[in-house]
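Everything below belongs to structure-v1.json, which stores JSON, C-alpha atoms.
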```json
[["chain", "number", "residue", "atom", "x", "y", "z"],
["M", 28, "MET", "CA", -53.31, -15.10, -27.97],
["M", 29, "SER", "CA", -54.25, -11.42, -27.71],
["M", 30, "LYS", "CA", -56.35, -10.08, -24.85],
["M", 31, "LYS", "CA", -59.20, -9.42, -27.30],
["M", 32, "MET", "CA", -59.13, -13.00, -28.60],
["M", 33, "LYS", "CA", -58.98, -14.35, -25.06],
["M", 34, "ALA", "CA", -62.05, -12.28, -24.13],
["M", 35, "VAL", "CA", -63.96, -13.58, -27.15],
["M", 36, "PHE", "CA", -62.95, -17.17, -26.40],
["M", 37, "PHE", "CA", -63.97, -16.84, -22.75],
["M", 38, "THR", "CA", -67.34, -15.32, -23.70],
["M", 39, "LEU", "CA", -68.08, -18.13, -26.15],
["M", 40, "LEU", "CA", -67.12, -20.72, -23.56],
["M", 41, "VAL", "CA", -69.48, -19.20, -20.98],
["M", 42, "LEU", "CA", -72.34, -19.06, -23.49],
["M", 43, "PHE", "CA", -71.77, -22.69, -24.40],
["M", 44, "LEU", "CA", -71.93, -23.80, -20.79],
["M", 45, "LEU", "CA", -75.06, -21.78, -20.14],
["M", 46, "SER", "CA", -76.79, -23.09, -23.26],
["M", 47, "ALA", "CA", -76.04, -26.64, -22.15],
["M", 48, "GLY", "CA", -77.72, -25.91, -18.85],
["M", 49, "ALA", "CA", -74.56, -26.48, -16.84],
["M", 50, "LEU", "CA", -74.18, -24.81, -13.48],
["M", 51, "ILE", "CA", -70.52, -24.93, -12.56],
["M", 52, "TYR", "CA", -69.61, -25.05, -8.94],
["M", 53, "ILE", "CA", -65.88, -25.05, -8.23],
["M", 54, "LEU", "CA", -65.14, -26.25, -4.77],
["M", 55, "SER", "CA", -61.71, -26.31, -3.26],
["M", 56, "GLY", "CA", -61.08, -29.14, -0.82],
["M", 57, "TYR", "CA", -57.90, -30.91, 0.12],
["M", 58, "GLY", "CA", -56.18, -29.25, -2.83],
["M", 59, "ASN", "CA", -58.59, -30.72, -5.43],
["M", 60, "TRP", "CA", -60.91, -28.96, -7.88],
["M", 61, "ILE", "CA", -64.40, -30.53, -8.16],
["M", 62, "VAL", "CA", -66.85, -29.65, -10.94],
["M", 63, "TYR", "CA", -70.58, -30.40, -10.58],
["M", 64, "THR", "CA", -73.25, -30.08, -13.27],
["M", 65, "SER", "CA", -76.91, -29.25, -12.61],
["M", 66, "TYR", "CA", -79.08, -32.17, -11.48],
["M", 67, "LEU", "CA", -81.54, -31.05, -14.15],
["M", 68, "GLN", "CA", -79.22, -32.68, -16.65],
["M", 69, "GLU", "CA", -79.77, -36.03, -14.95],
["M", 70, "PRO", "CA", -83.17, -37.67, -15.63],
["M", 71, "GLN", "CA", -82.55, -40.04, -12.72],
["M", 72, "GLU", "CA", -82.47, -37.09, -10.32],
["M", 73, "ILE", "CA", -85.75, -35.76, -11.70],
["M", 74, "TYR", "CA", -87.24, -39.23, -11.22],
["M", 75, "ASN", "CA", -85.95, -39.35, -7.63],
["M", 76, "MET", "CA", -87.54, -35.97, -6.94],
["M", 77, "GLU", "CA", -90.91, -36.90, -8.47],
["M", 78, "ALA", "CA", -90.98, -40.34, -6.82],
["M", 79, "GLY", "CA", -90.24, -38.70, -3.47],
["M", 80, "ILE", "CA", -93.14, -36.26, -3.88],
["M", 81, "ILE", "CA", -95.56, -39.11, -4.56],
["M", 82, "LYS", "CA", -94.09, -41.23, -1.75],
["M", 83, "GLY", "CA", -94.80, -38.39, 0.68],
["M", 84, "ALA", "CA", -98.38, -38.18, -0.63],
["M", 85, "LEU", "CA", -99.00, -41.90, -1.02],
["M", 86, "GLU", "CA", -101.80, -42.24, 1.55],
["M", 87, "PHE", "CA", -105.18, -40.75, 0.70],
["M", 88, "GLN", "CA", -107.67, -38.93, 2.90],
["M", 89, "ASP", "CA", -110.82, -40.73, 3.99],
["M", 90, "GLY", "CA", -113.59, -39.87, 1.57],
["M", 91, "GLU", "CA", -117.16, -40.81, 0.89],
["M", 92, "GLU", "CA", -118.24, -44.20, -0.43],
["M", 93, "CYS", "CA", -119.35, -43.08, -3.89],
["M", 94, "LYS", "CA", -120.58, -44.81, -7.00],
["M", 95, "ILE", "CA", -119.28, -43.73, -10.39],
["M", 96, "THR", "CA", -121.96, -44.35, -13.04],
["M", 97, "TYR", "CA", -121.66, -45.38, -16.68],
["M", 98, "ASP", "CA", -124.11, -44.65, -19.50],
["M", 99, "PHE", "CA", -124.32, -47.50, -22.02],
["M", 100, "ASP", "CA", -127.59, -46.46, -23.72],
["M", 101, "ASN", "CA", -127.01, -42.93, -24.93],
["M", 102, "THR", "CA", -128.91, -41.99, -28.09],
["M", 103, "GLU", "CA", -125.71, -40.70, -29.73],
["M", 104, "TYR", "CA", -123.88, -44.03, -29.57],
["M", 105, "PRO", "CA", -125.46, -45.59, -32.71],
["M", 106, "GLU", "CA", -124.22, -42.66, -34.82],
["M", 107, "LEU", "CA", -120.76, -43.01, -33.29],
["M", 108, "LEU", "CA", -120.66, -46.76, -33.93],
["M", 109, "SER", "CA", -121.91, -46.58, -37.51],
["M", 110, "GLY", "CA", -119.94, -43.52, -38.55],
["M", 111, "TYR", "CA", -116.46, -44.63, -37.49],
["M", 112, "GLU", "CA", -116.40, -48.45, -37.69],
["M", 113, "ILE", "CA", -115.81, -48.68, -33.95],
["M", 114, "GLU", "CA", -116.79, -52.33, -33.65],
["M", 115, "ASN", "CA", -114.55, -53.47, -36.51],
["M", 116, "ILE", "CA", -111.56, -51.54, -35.19],
["M", 117, "ALA", "CA", -112.05, -52.80, -31.62],
["M", 118, "GLY", "CA", -112.13, -56.45, -32.68],
["M", 119, "ASN", "CA", -113.06, -59.39, -30.49],
["M", 120, "GLY", "CA", -110.58, -59.35, -27.61],
["M", 121, "SER", "CA", -110.99, -58.44, -23.96],
["M", 122, "GLU", "CA", -112.24, -55.03, -22.89],
["M", 123, "PHE", "CA", -108.67, -53.80, -22.54],
["M", 124, "GLU", "CA", -107.65, -55.22, -25.91],
["M", 125, "LYS", "CA", -110.62, -53.56, -27.61],
["M", 126, "ALA", "CA", -109.90, -50.21, -25.96],
["M", 127, "LYS", "CA", -106.20, -50.52, -26.82],
["M", 128, "ALA", "CA", -107.05, -51.16, -30.48],
["M", 129, "LEU", "CA", -109.28, -48.08, -30.56],
["M", 130, "MET", "CA", -106.59, -45.97, -28.91],
["M", 131, "ASN", "CA", -103.98, -47.16, -31.39],
["M", 132, "GLU", "CA", -106.23, -46.40, -34.38],
["M", 133, "PHE", "CA", -107.29, -42.91, -33.38],
["M", 134, "ALA", "CA", -104.35, -41.54, -31.33],
["M", 135, "ASP", "CA", -102.32, -40.30, -34.29],
["M", 136, "ARG", "CA", -105.38, -39.33, -36.32],
["M", 137, "LEU", "CA", -106.30, -36.78, -33.64],
["M", 138, "THR", "CA", -103.66, -34.05, -33.55],
["M", 139, "HIS", "CA", -102.65, -32.89, -30.10],
["M", 140, "LYS", "CA", -103.02, -29.19, -29.33],
["M", 141, "SER", "CA", -102.42, -28.38, -25.68],
["M", 142, "ASP", "CA", -103.98, -24.90, -25.91],
["M", 143, "TYR", "CA", -107.18, -26.08, -27.60],
["M", 144, "ASP", "CA", -109.93, -23.92, -26.07],
["M", 145, "ASN", "CA", -112.67, -26.56, -25.66],
["M", 146, "HIS", "CA", -115.04, -24.64, -27.92],
["M", 147, "ILE", "CA", -116.56, -27.81, -29.42],
["M", 148, "ASP", "CA", -119.20, -29.56, -27.32],
["M", 149, "SER", "CA", -117.57, -32.34, -25.33],
["M", 150, "ASN", "CA", -119.07, -35.32, -27.13],
["M", 151, "ALA", "CA", -117.29, -37.79, -29.38],
["M", 152, "VAL", "CA", -119.36, -37.28, -32.55],
["M", 153, "GLU", "CA", -118.81, -33.51, -32.69],
["M", 154, "LEU", "CA", -115.17, -33.75, -31.63],
["M", 155, "LEU", "CA", -114.46, -36.34, -34.33],
["M", 156, "GLU", "CA", -116.23, -34.27, -36.98],
["M", 157, "TYR", "CA", -114.05, -31.32, -35.98],
["M", 158, "SER", "CA", -110.67, -32.99, -35.59],
["M", 159, "LEU", "CA", -110.33, -36.46, -37.11],
["M", 160, "ASP", "CA", -107.57, -36.47, -39.77],
["M", 161, "ASN", "CA", -107.50, -32.66, -39.67],
["M", 162, "LYS", "CA", -104.12, -31.40, -38.46],
["M", 163, "ALA", "CA", -105.41, -27.82, -38.35],
["M", 164, "HIS", "CA", -108.00, -28.77, -35.71],
["M", 165, "GLY", "CA", -106.04, -30.18, -32.81],
["M", 166, "LEU", "CA", -107.51, -31.28, -29.48],
["M", 167, "ASN", "CA", -106.18, -31.38, -25.94],
["M", 168, "CYS", "CA", -105.89, -34.50, -23.80],
["M", 169, "ARG", "CA", -109.25, -33.85, -22.17],
["M", 170, "ALA", "CA", -111.11, -33.91, -25.49],
["M", 171, "LYS", "CA", -109.19, -36.91, -26.84],
["M", 172, "ALA", "CA", -109.96, -38.85, -23.66],
["M", 173, "GLN", "CA", -113.65, -37.98, -24.09],
["M", 174, "ILE", "CA", -113.63, -39.54, -27.56],
["M", 175, "LEU", "CA", -112.08, -42.79, -26.35],
["M", 176, "ASN", "CA", -114.41, -42.84, -23.34],
["M", 177, "GLU", "CA", -117.54, -42.69, -25.47],
["M", 178, "MET", "CA", -116.23, -45.24, -27.96],
["M", 179, "CYS", "CA", -115.69, -47.71, -25.13],
["M", 180, "LEU", "CA", -119.04, -46.97, -23.49],
["M", 181, "ALA", "CA", -120.79, -47.43, -26.84],
["M", 182, "LEU", "CA", -119.31, -50.95, -26.92],
["M", 183, "GLY", "CA", -120.49, -51.70, -23.38],
["M", 184, "ILE", "CA", -117.03, -51.27, -21.83],
["M", 185, "TYR", "CA", -116.80, -49.61, -18.42],
["M", 186, "SER", "CA", -114.62, -46.59, -19.12],
["M", 187, "ARG", "CA", -113.89, -43.41, -17.17],
["M", 188, "LYS", "CA", -111.87, -40.23, -17.60],
["M", 189, "VAL", "CA", -109.22, -39.51, -14.98],
["M", 190, "TRP", "CA", -107.51, -36.17, -14.41],
["M", 191, "ILE", "CA", -104.03, -36.74, -12.99],
["M", 192, "ASN", "CA", -102.54, -33.70, -11.28],
["M", 193, "PRO", "CA", -99.21, -32.40, -9.95],
["M", 194, "ASN", "CA", -98.55, -31.06, -6.46],
["M", 195, "SER", "CA", -97.50, -27.50, -7.21],
["M", 196, "VAL", "CA", -99.43, -24.25, -7.00],
["M", 197, "TYR", "CA", -97.18, -23.01, -9.82],
["M", 198, "ASP", "CA", -97.91, -25.90, -12.18],
["M", 199, "SER", "CA", -101.26, -25.53, -13.92],
["M", 200, "ASP", "CA", -100.55, -28.36, -16.35],
["M", 201, "CYS", "CA", -102.37, -31.62, -15.67],
["M", 202, "HIS", "CA", -103.17, -34.59, -17.89],
["M", 203, "VAL", "CA", -106.34, -36.52, -18.68],
["M", 204, "VAL", "CA", -106.32, -40.25, -19.39],
["M", 205, "ASN", "CA", -108.80, -43.11, -19.47],
["M", 206, "GLU", "CA", -109.25, -46.21, -17.37],
["M", 207, "VAL", "CA", -111.20, -49.24, -18.57],
["M", 208, "TRP", "CA", -112.32, -52.18, -16.49],
["M", 209, "ASP", "CA", -111.06, -55.46, -17.89],
["M", 210, "SER", "CA", -113.03, -58.47, -16.64],
["M", 211, "LYS", "CA", -110.27, -60.89, -17.64],
["M", 212, "LEU", "CA", -107.60, -59.02, -15.64],
["M", 213, "ASP", "CA", -110.20, -58.13, -12.99],
["M", 214, "GLN", "CA", -108.85, -54.60, -12.66],
["M", 215, "TRP", "CA", -108.76, -51.09, -14.05],
["M", 216, "VAL", "CA", -106.20, -50.35, -16.78],
["M", 217, "MET", "CA", -104.95, -46.89, -17.77],
["M", 218, "LEU", "CA", -104.88, -45.81, -21.43],
["M", 219, "ASP", "CA", -103.33, -42.53, -22.62],
["M", 220, "ILE", "CA", -104.76, -41.78, -26.07],
["M", 221, "THR", "CA", -102.91, -38.47, -26.27],
["M", 222, "ASN", "CA", -99.58, -40.30, -26.39],
["M", 223, "ASN", "CA", -100.83, -43.76, -27.48],
["M", 224, "PHE", "CA", -99.47, -45.43, -24.33],
["M", 225, "TYR", "CA", -100.59, -47.88, -21.72],
["M", 226, "TRP", "CA", -98.36, -48.84, -18.78],
["M", 227, "VAL", "CA", -97.04, -52.20, -17.62],
["M", 228, "ASP", "CA", -95.00, -53.64, -14.76],
["M", 229, "GLU", "CA", -91.83, -55.70, -15.20],
["M", 230, "SER", "CA", -93.87, -58.78, -16.12],
["M", 231, "GLY", "CA", -95.82, -56.92, -18.83],
["M", 232, "LYS", "CA", -99.07, -56.76, -16.85],
["M", 233, "PRO", "CA", -101.11, -53.63, -17.66],
["M", 234, "LEU", "CA", -101.49, -51.18, -14.76],
["M", 235, "SER", "CA", -104.15, -48.84, -13.40],
["M", 236, "VAL", "CA", -103.52, -45.20, -12.53],
["M", 237, "LEU", "CA", -103.10, -46.01, -8.84],
["M", 238, "GLU", "CA", -100.82, -48.96, -9.56],
["M", 239, "ILE", "CA", -98.58, -46.74, -11.69],
["M", 240, "ARG", "CA", -98.57, -44.20, -8.89],
["M", 241, "GLU", "CA", -97.51, -46.82, -6.33],
["M", 242, "HIS", "CA", -94.82, -48.25, -8.58],
["M", 243, "ILE", "CA", -93.30, -44.81, -9.10],
["M", 244, "ALA", "CA", -93.48, -43.93, -5.42],
["M", 245, "ASP", "CA", -91.71, -47.16, -4.44],
["M", 246, "GLN", "CA", -89.32, -46.91, -7.41],
["M", 247, "GLU", "CA", -90.47, -50.27, -8.71],
["M", 248, "PHE", "CA", -90.17, -50.89, -12.44],
["M", 249, "CYS", "CA", -92.99, -49.74, -14.69],
["M", 250, "SER", "CA", -92.99, -48.36, -18.19],
["M", 251, "PRO", "CA", -95.21, -46.72, -20.78],
["M", 252, "VAL", "CA", -95.54, -48.89, -23.89],
["M", 253, "THR", "CA", -97.23, -48.41, -27.22],
["M", 254, "PRO", "CA", -99.50, -51.14, -28.60],
["M", 255, "GLY", "CA", -96.76, -52.24, -30.99],
["M", 256, "ASP", "CA", -93.92, -52.45, -28.45],
["M", 257, "ASN", "CA", -92.10, -55.70, -27.80],
["M", 258, "LEU", "CA", -92.93, -56.55, -24.19],
["M", 259, "LYS", "CA", -89.88, -58.81, -24.01],
["M", 260, "ASP", "CA", -87.63, -55.74, -23.90],
["M", 261, "LEU", "CA", -89.38, -53.39, -21.48],
["M", 262, "LYS", "CA", -86.16, -51.65, -20.48],
["M", 263, "LYS", "CA", -85.81, -50.51, -24.07],
["M", 264, "SER", "CA", -89.39, -49.20, -24.02],
["M", 265, "LEU", "CA", -88.63, -47.26, -20.85],
["M", 266, "ARG", "CA", -85.46, -45.76, -22.31],
["M", 267, "GLN", "CA", -87.27, -44.70, -25.47],
["M", 268, "ASN", "CA", -90.25, -43.24, -23.59],
["M", 269, "TYR", "CA", -88.54, -41.82, -20.52],
["M", 270, "ASP", "CA", -89.75, -38.29, -21.21],
["M", 271, "ASN", "CA", -93.33, -39.52, -21.02],
["M", 272, "PHE", "CA", -92.47, -41.55, -17.92],
["M", 273, "LEU", "CA", -91.29, -38.39, -16.14],
["M", 274, "TYR", "CA", -94.25, -36.35, -17.38],
["M", 275, "ILE", "CA", -96.78, -38.83, -16.03],
["M", 276, "ALA", "CA", -94.81, -39.19, -12.78],
["M", 277, "LYS", "CA", -95.02, -35.48, -12.02],
["M", 278, "ASN", "CA", -98.81, -35.61, -12.51],
["M", 279, "MET", "CA", -99.51, -38.52, -10.16],
["M", 280, "VAL", "CA", -100.28, -36.72, -6.91],
["M", 281, "TYR", "CA", -104.09, -36.45, -6.91],
["M", 282, "MET", "CA", -106.94, -37.39, -9.26],
["M", 283, "TYR", "CA", -110.34, -36.19, -10.47],
["M", 284, "TYR", "CA", -113.09, -38.50, -11.76],
["M", 285, "CYS", "CA", -116.36, -37.66, -13.50],
["M", 286, "THR", "CA", -119.26, -38.77, -11.32],
["M", 287, "ASN", "CA", -121.01, -40.04, -14.47],
["M", 288, "ASN", "CA", -119.40, -41.15, -17.71],
["M", 289, "SER", "CA", -121.52, -40.46, -20.77],
["M", 290, "THR", "CA", -121.56, -38.05, -23.71],
["M", 291, "GLY", "CA", -120.17, -34.77, -22.48],
["M", 292, "GLU", "CA", -118.96, -34.14, -18.96],
["M", 293, "THR", "CA", -120.97, -33.91, -15.78],
["M", 294, "ASP", "CA", -120.77, -30.78, -13.62],
["M", 295, "SER", "CA", -119.73, -32.78, -10.55],
["M", 296, "PHE", "CA", -116.42, -34.51, -9.94],
["M", 297, "TYR", "CA", -114.94, -36.81, -7.35],
["M", 298, "ILE", "CA", -111.45, -36.13, -6.04],
["M", 299, "LEU", "CA", -108.94, -38.56, -4.56],
["M", 300, "MET", "CA", -106.84, -36.36, -2.29],
["M", 301, "PRO", "CA", -103.62, -37.28, -0.41],
["M", 302, "GLN", "CA", -103.51, -36.81, 3.33],
["M", 303, "ASN", "CA", -100.86, -34.11, 3.14],
["M", 304, "CYS", "CA", -102.87, -32.00, 0.65],
["M", 305, "SER", "CA", -105.83, -29.79, 1.42],
["M", 306, "LEU", "CA", -109.08, -29.30, -0.47],
["M", 307, "ASN", "CA", -110.20, -25.75, -1.16],
["M", 308, "GLU", "CA", -113.38, -25.07, 0.82],
["M", 309, "ASN", "CA", -114.93, -23.33, -2.19],
["M", 310, "ASP", "CA", -114.08, -26.17, -4.57],
["M", 311, "PRO", "CA", -117.24, -28.09, -5.60],
["M", 312, "LEU", "CA", -115.41, -31.44, -5.62],
["M", 313, "ILE", "CA", -116.59, -34.45, -3.64],
["M", 314, "LEU", "CA", -113.90, -36.21, -1.62],
["M", 315, "VAL", "CA", -114.07, -39.89, -2.57],
["M", 316, "SER", "CA", -112.67, -42.97, -0.84],
["M", 317, "ILE", "CA", -109.90, -45.01, -2.45],
["M", 318, "LYS", "CA", -112.12, -48.09, -2.07],
["M", 319, "SER", "CA", -114.71, -46.49, -4.36],
["M", 320, "ILE", "CA", -112.03, -45.89, -7.01],
["M", 321, "GLU", "CA", -110.37, -49.31, -6.84],
["M", 322, "SER", "CA", -113.60, -51.34, -6.71],
["M", 323, "PRO", "CA", -115.19, -53.03, -9.73],
["M", 324, "PRO", "CA", -117.66, -50.75, -11.50],
["M", 325, "TYR", "CA", -120.66, -53.06, -11.04]]
```

Spell out the structure here as structure tokens.
Amino acid sequence: MSKKMKAVFFTLLVLFLLSAGALIYILSGYGNWIVYTSYLQEPQEIYNMEAGIIKGALEFQDGEECKITYDFDNTEYPELLSGYEIENIAGNGSEFEKAKALMNEFADRLTHKSDYDNHIDSNAVELLEYSLDNKAHGLNCRAKAQILNEMCLALGIYSRKVWINPNSVYDSDCHVVNEVWDSKLDQWVMLDITNNFYWVDESGKPLSVLEIREHIADQEFCSPVTPGDNLKDLKKSLRQNYDNFLYIAKNMVYMYYCTNNSTGETDSFYILMPQNCSLNENDPLILVSIKSIESPPY
């Protein structure tokens, strides 16, 4: 092989390794050559890193005993109910089952657009008029969660929006989900309408935001599942949805909650803040106790 061909071959080899994301470290020890690839190629290592971050931030600061409020009598709800067959779609199950049916119906009919600029008023009727079945008018997770929130409230279901956030000053990406109170399960349950997922433990029991957070921190099994998934093969669901699993895990450090859930968003928010994180003195957030977040809504 000529020197020119060798140079071309070597260059192509280097480009291939770089494009694959491999960082090659050649270590000489006891006469052996050892090759390591980047941990970024190993999802398990990313999971270990994210679980460790949450584990170190597992305990929350003491906050105020606060009451989150829920508006079930808004004048816009009748238009929402009549215009989009909300009651028929929700069916006759538990609160969680009704919310899950609504999520499953509308998740794919509302195109996701992460850079949506929030120019439509944050109420379900206007957001649906703008985006439903219109791929050119995508919405972000915040707006999609607002739609599901109002649908549930219009049916008398306790529902709240939850901002889940990462622990990095360099990561401005967060995610917004919903939690509904299910009287049969006697607990909050998280629903992610952006991705059409809810989360379960190894027995298939639906989980709240804080339960998911604890499971990840302790590296106990939990998985995102879609409404149509077979809960008898949860390991398969986890394998298929592991990218979402890691995305939610990185956003499970601290949470925001609207002080009142209604049409639109209130100007005030509660924050659940870990002990090892600090609240900006100029931030108009109210530090809330974990008891206030975990308690029944009534």

With distances taken over only C-alpha atoms, the candidate from M:Cys93, M:Ile73, M:Glu112, M:Ile313 nearest Asp294 of chain M is M:Ile313

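Point (-97.3, -56.1, -13.1) has the following residues at most 12 Å away: M:Leu212, M:Gln214, M:Val216, M:Trp226, M:Val227, M:Asp228, M:Glu229, M:Ser230, M:Gly231, M:Lys232, M:Pro233, M:Leu234, M:Ser235, M:Glu238, M:Ile239, M:Glu241, M:His242, M:Glu247, M:Phe248, M:Cys249, M:Ser250, M:Leu258, M:Leu261 (atoms considered: all atoms listed in the file).
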
Dump C-alpha atoms for the selected residues as a PDB file, keeping the file's coordinate frame?
```pdb
ATOM      1  CA  LEU M 212    -107.600 -59.020 -15.640  1.00  0.00           C
ATOM      2  CA  GLN M 214    -108.850 -54.600 -12.660  1.00  0.00           C
ATOM      3  CA  VAL M 216    -106.200 -50.350 -16.780  1.00  0.00           C
ATOM      4  CA  TRP M 226     -98.360 -48.840 -18.780  1.00  0.00           C
ATOM      5  CA  VAL M 227     -97.040 -52.200 -17.620  1.00  0.00           C
ATOM      6  CA  ASP M 228     -95.000 -53.640 -14.760  1.00  0.00           C
ATOM      7  CA  GLU M 229     -91.830 -55.700 -15.200  1.00  0.00           C
ATOM      8  CA  SER M 230     -93.870 -58.780 -16.120  1.00  0.00           C
ATOM      9  CA  GLY M 231     -95.820 -56.920 -18.830  1.00  0.00           C
ATOM     10  CA  LYS M 232     -99.070 -56.760 -16.850  1.00  0.00           C
ATOM     11  CA  PRO M 233    -101.110 -53.630 -17.660  1.00  0.00           C
ATOM     12  CA  LEU M 234    -101.490 -51.180 -14.760  1.00  0.00           C
ATOM     13  CA  SER M 235    -104.150 -48.840 -13.400  1.00  0.00           C
ATOM     14  CA  GLU M 238    -100.820 -48.960  -9.560  1.00  0.00           C
ATOM     15  CA  ILE M 239     -98.580 -46.740 -11.690  1.00  0.00           C
ATOM     16  CA  GLU M 241     -97.510 -46.820  -6.330  1.00  0.00           C
ATOM     17  CA  HIS M 242     -94.820 -48.250  -8.580  1.00  0.00           C
ATOM     18  CA  GLU M 247     -90.470 -50.270  -8.710  1.00  0.00           C
ATOM     19  CA  PHE M 248     -90.170 -50.890 -12.440  1.00  0.00           C
ATOM     20  CA  CYS M 249     -92.990 -49.740 -14.690  1.00  0.00           C
ATOM     21  CA  SER M 250     -92.990 -48.360 -18.190  1.00  0.00           C
ATOM     22  CA  LEU M 258     -92.930 -56.550 -24.190  1.00  0.00           C
ATOM     23  CA  LEU M 261     -89.380 -53.390 -21.480  1.00  0.00           C
TER      24      LEU M 261
END
```

With only C-alpha atoms as the basis for distance, which of M:Asp245, M:Asp98, M:Glu77, M:Glu86 is at the shortest distance from Asn303 of chain M?
M:Glu86

So that I can see what lies close to segment 152-160 of chain M, please list as an mmCIF file with C-alpha atoms, keeping the file's coordinate frame the residues with an atom at most 9 Å from it, counting all atoms listed in the file and leaving out residues fewer than 6 positions away in the same chain.
```cif
data_model
loop_
_atom_site.group_PDB
_atom_site.id
_atom_site.type_symbol
_atom_site.label_atom_id
_atom_site.label_comp_id
_atom_site.auth_asym_id
_atom_site.auth_seq_id
_atom_site.Cartn_x
_atom_site.Cartn_y
_atom_site.Cartn_z
ATOM 1 C CA GLU M 103 -125.710 -40.700 -29.730
ATOM 2 C CA TYR M 104 -123.880 -44.030 -29.570
ATOM 3 C CA GLU M 106 -124.220 -42.660 -34.820
ATOM 4 C CA LEU M 107 -120.760 -43.010 -33.290
ATOM 5 C CA GLY M 110 -119.940 -43.520 -38.550
ATOM 6 C CA PHE M 133 -107.290 -42.910 -33.380
ATOM 7 C CA ASP M 135 -102.320 -40.300 -34.290
ATOM 8 C CA ARG M 136 -105.380 -39.330 -36.320
ATOM 9 C CA LEU M 137 -106.300 -36.780 -33.640
ATOM 10 C CA THR M 138 -103.660 -34.050 -33.550
ATOM 11 C CA LEU M 166 -107.510 -31.280 -29.480
ATOM 12 C CA ALA M 170 -111.110 -33.910 -25.490
ATOM 13 C CA LYS M 171 -109.190 -36.910 -26.840
ATOM 14 C CA GLN M 173 -113.650 -37.980 -24.090
ATOM 15 C CA ILE M 174 -113.630 -39.540 -27.560
#
```

Straight-line distance linking atom CA of Gly90 of chain M with atom CA of Met76 of chain M, stated in Å to one decimal:
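A separation of 27.7 Å between them.
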
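Interatomic distance, atom CA of Pro323 of chain M against atom CA of Asn288 of chain M: 14.9 Å.
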
Given all atoms listed in the file as the counted atoms, nearest of M:Ile95, M:Leu85, M:Val196, M:Met282 to Ser319 of chain M:
M:Ile95

Can you find the residues with an atom no farther than 8 Å from (-110.9, -40.9, -24.8), counting only C-alpha atoms, and report them as a list in words?
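Here the neighbourhood of the point contains Met130, Arg169, Ala170, Lys171, Ala172, Gln173, Ile174, Leu175, Asn176, Glu177, Met178, Lys188, Val204, Asn205 and Ile220 of chain M.
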
Rank M:Asn150, M:Ser195, M:Gln246, M:Thr96 by their smallest atom-to-atom distance to Asn75 of chain M, using all atoms listed in the file, and report the top residue only.
M:Gln246

Nearest candidate to Lys318 of chain M (options M:Ala181, M:Leu237, M:Leu306, M:Ile116; using all atoms listed in the file):
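Once distances to Lys318 of chain M are computed over all atoms listed in the file, the minimum belongs to M:Leu237.
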
M:Thr293, M:Ser322, M:Asn192, M:Asn287: which is nearest Tyr274 of chain M, counting only C-alpha atoms?
M:Asn192

Quick one: pull the distance between atom CA of Asp256 of chain M and atom CA of Leu180 of chain M, Å, one decimal.
26.2 Å

Selection: 12 Å around Gln71 of chain M, only C-alpha atoms, excl. self and same-chain fewer than 6 positions, as a VMD selection string:
chain M and resid 77 to 78 246 266 269 to 270 272 to 273

Please produce a file of the residues just selected, as a PDB file, in the coordinates of the input, where the atoms kept are C-alpha atoms.
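Contents of again.pdb, as written:
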```
ATOM      1  CA  GLU M  77     -90.910 -36.900  -8.470  1.00  0.00           C
ATOM      2  CA  ALA M  78     -90.980 -40.340  -6.820  1.00  0.00           C
ATOM      3  CA  GLN M 246     -89.320 -46.910  -7.410  1.00  0.00           C
ATOM      4  CA  ARG M 266     -85.460 -45.760 -22.310  1.00  0.00           C
ATOM      5  CA  TYR M 269     -88.540 -41.820 -20.520  1.00  0.00           C
ATOM      6  CA  ASP M 270     -89.750 -38.290 -21.210  1.00  0.00           C
ATOM      7  CA  PHE M 272     -92.470 -41.550 -17.920  1.00  0.00           C
ATOM      8  CA  LEU M 273     -91.290 -38.390 -16.140  1.00  0.00           C
TER       9      LEU M 273
END
```

Considering all atoms listed in the file, return as a ChimeraX atom specification whatever protein or nucleic-acid residues lie within 8 Å of Cys201 of chain M, sequence-local ones (same chain, fewer than 5 positions apart) excluded.
/M:190-193,278

If I only have part of segment 291-297 of chain M, can you fill in N, CA and C atoms and write it as a compact mmCIF listing (two decimals), in the coordinates of the input?
```txt
# COMPACT_ATOMS: atom_id res chain seq x y z
N GLY M 291 -120.41 -35.99 -23.23
CA GLY M 291 -120.17 -34.77 -22.48
C GLY M 291 -119.61 -35.06 -21.10
N GLU M 292 -119.46 -34.02 -20.32
CA GLU M 292 -118.96 -34.14 -18.96
C GLU M 292 -120.00 -33.66 -17.96
N THR M 293 -120.07 -34.34 -16.84
CA THR M 293 -120.97 -33.91 -15.78
C THR M 293 -120.39 -32.67 -15.09
N ASP M 294 -121.22 -31.97 -14.35
CA ASP M 294 -120.77 -30.78 -13.62
C ASP M 294 -120.12 -31.14 -12.29
N SER M 295 -120.28 -32.37 -11.85
CA SER M 295 -119.73 -32.78 -10.55
C SER M 295 -118.60 -33.77 -10.73
N PHE M 296 -117.61 -33.66 -9.85
CA PHE M 296 -116.42 -34.51 -9.94
C PHE M 296 -116.06 -35.04 -8.57
N TYR M 297 -115.52 -36.25 -8.56
CA TYR M 297 -114.94 -36.81 -7.35
C TYR M 297 -113.45 -36.49 -7.35
```
